[in-house]
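A short worksheet on the structure shown next.
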Amino acid sequence: MHVLDNPAWHALTGAHRSFAVGTEDAKRYRPDMSPFAAVADPDGPLDALTELVGLSGGGDSALGVFGASTGPDGWETLGAYDCWQLVYEHETMPQVRQLGDDARLVALGDDDVPDALDLVDRTRPGPFLPRTIEFGGYRGIRVGDRLAAMAGQRMRPDGWCEVSAVCADPEFRGRGFAATVMVEVMRGIVARGERPFLHVEATNERALGVYEALGFTRRRRANILVCQPL
């Protein structure tokens with residue numbers, strides 16, 4: 001099995017083992033960092049996820065599981081997302097638009113979390129929690145004091161790193177900010193000797209067009225199940 005067929009498991013048992021909570025058969029990220037969880041065999045039953053209940057130290061009990069179609073017995077399904085998994089396998093970075101004089105590219109850290117949470121709340125790029133910033137590699141564009149766009153990294157299965165939380169304030173769309181911060185995140189990934197990948201809902205044709213224009217290619221369809229114990 002390719003590591004990208006079960007990316008959360010290979011990240012949680014590899015580069016992100018220090019962020020993992022769980023057992024030999026099921027693991028999840030700390031609940032204040034990410035809702036994603038995984039079992040060793042994504043094609044098998046997910047009963048091992050029940051072992052995570054009570055081990056996460058509180059927080060949201062809903063889990064996102066890549067490649068799953070139904071949760072364990074006694075769990076309810078909150079949503080299922082049909083996504084494309086895209087990969088970037090070029091050695092060079094794509095060209096992006098120059099920033100205007102009013103905008104500046106910045107590295108994001110703990111002090112930027114309130115602004116990042118506000119931007120995510122308004123744009124809904126996917127899960128971003130109070131400690132998601134600890135995945136590192138986050139880049140943003142500020143116009144004055146406002147965070148106008150950001151992107152970061154998430155799962156790191158061996159040899160790969162996921163680009164995540166790509167979003168731009170609607171007021172500043174059309175200026176290429178999202179592509180600019182994406183490329184900065186990708187640059188850091190490639191410099192580390194890894195390759196970028198990402199996930200996007202199959203119905204989001206606009207985002208798919210943007211990512212493919214940057215050089216990403218579609219690798220496989222990936223279902224993401226969101227479920228929680230009753």
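Simple scheme: letters A, B, ... for chains in structure tokens order, numbers from 1 for residues in each chain, numbers from 1 for ligands in the order shown.
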
*Write out as an MDAnalysis selection string the residues lying within 8 Å of Arg30 in chain A, counting only C-alpha atoms and excluding same-chain residues fewer than 5 positions away.*
chainID A and resid 19:21 35 56

For all heavy atoms, I'd like the residues from the last selection saved as an mmCIF file, in the first residue's frame.
```
data_model
loop_
_atom_site.group_PDB
_atom_site.id
_atom_site.type_symbol
_atom_site.label_atom_id
_atom_site.label_comp_id
_atom_site.auth_asym_id
_atom_site.auth_seq_id
_atom_site.Cartn_x
_atom_site.Cartn_y
_atom_site.Cartn_z
ATOM 1 N N PHE A 19 2.505 13.709 18.143
ATOM 2 C CA PHE A 19 1.182 14.335 18.186
ATOM 3 C C PHE A 19 0.073 13.297 18.338
ATOM 4 O O PHE A 19 -1.104 13.652 18.385
ATOM 5 C CB PHE A 19 0.913 15.129 16.902
ATOM 6 C CG PHE A 19 1.890 16.239 16.628
ATOM 7 C CD1 PHE A 19 2.271 16.530 15.325
ATOM 8 C CD2 PHE A 19 2.435 16.992 17.661
ATOM 9 C CE1 PHE A 19 3.164 17.565 15.056
ATOM 10 C CE2 PHE A 19 3.330 18.022 17.398
ATOM 11 C CZ PHE A 19 3.700 18.309 16.094
ATOM 12 N N ALA A 20 0.439 12.012 18.383
ATOM 13 C CA ALA A 20 -0.547 10.934 18.313
ATOM 14 C C ALA A 20 -1.068 10.528 19.681
ATOM 15 O O ALA A 20 -0.340 10.529 20.674
ATOM 16 C CB ALA A 20 0.051 9.722 17.606
ATOM 17 N N VAL A 21 -2.343 10.163 19.706
ATOM 18 C CA VAL A 21 -2.988 9.563 20.868
ATOM 19 C C VAL A 21 -3.629 8.270 20.385
ATOM 20 O O VAL A 21 -4.260 8.245 19.324
ATOM 21 C CB VAL A 21 -4.081 10.491 21.441
ATOM 22 C CG1 VAL A 21 -4.817 9.807 22.590
ATOM 23 C CG2 VAL A 21 -3.482 11.817 21.890
ATOM 24 N N PRO A 35 -8.831 16.802 13.986
ATOM 25 C CA PRO A 35 -9.814 15.755 14.240
ATOM 26 C C PRO A 35 -9.516 14.438 13.532
ATOM 27 O O PRO A 35 -10.287 13.480 13.672
ATOM 28 C CB PRO A 35 -11.105 16.360 13.684
ATOM 29 C CG PRO A 35 -10.639 17.201 12.534
ATOM 30 C CD PRO A 35 -9.300 17.767 12.976
ATOM 31 N N SER A 56 -8.403 10.599 24.483
ATOM 32 C CA SER A 56 -8.014 11.830 23.809
ATOM 33 C C SER A 56 -7.900 13.016 24.751
ATOM 34 O O SER A 56 -7.544 14.108 24.333
ATOM 35 C CB SER A 56 -9.021 12.158 22.706
ATOM 36 O OG SER A 56 -10.324 12.329 23.251
#
```

*Just the residues within 9 Å of range 155-160 of chain A, please, counting only C-alpha atoms, with nothing from its chain fewer than 6 positions along; format it as an MDAnalysis selection string.*
chainID A and resid 3:4 6:16 135 189 193:197

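Atom pair CA of Ser34 in chain A / CA of Val166 in chain A: separated by 15.4 Å.
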
*Exercise: Leu198 in chain A partners within 6 Å, only C-alpha atoms, chain neighbours under 2 positions left out, as a ChimeraX atom specification*: /A:85-86,162-163

_From the options A:Cys83, A:Cys161, A:Ile141, A:Cys167, which residue's atoms come nearest to Glu205 in chain A, counting only C-alpha atoms?_
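Among the listed residues, the smallest separation from Glu205 in chain A belongs to A:Cys83.
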
*asked:* Using only C-alpha atoms for the distances, tell me which of A:Val87, A:Leu78, A:Leu99, A:Leu108 is nearest to Arg218 in chain A.
replied: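 Among the listed residues, the smallest separation from Arg218 in chain A belongs to A:Val87.
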
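Our summary of the geometry notes that CA of Pro229 in chain A is positioned 7.7 Å from CA of Ala62 in chain A.
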
*Work out how far CA of Gly174 in chain A is from CA of Glu91 in chain A, in Å to one decimal.*
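If I compute the distance from CA of Glu91 in chain A to CA of Gly174 in chain A, I get 26.8 Å.
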
*Select from range 12-204 of chain A everything DSSP, run on the backbone, classes as helix (DSSP H, G or I), then give the selection as a PyMOL selection string.*
chain A and resi 12+17-19+47-52+110-123+132-135+170-172+177-191

_Best match for closeness to Glu51 in chain A among A:Gly109, A:Pro72, A:Pro31, A:Gly22, counting only C-alpha atoms_ =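 Of the candidates, the smallest distance to Glu51 in chain A is held by A:Gly22.
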
*Exercise: Ala149 in chain A partners within 12 Å, only C-alpha atoms, chain neighbours under 5 positions left out, as number ranges by chain*: A: 103-108, 115-120, 122-123, 125, 138-143, 165-182
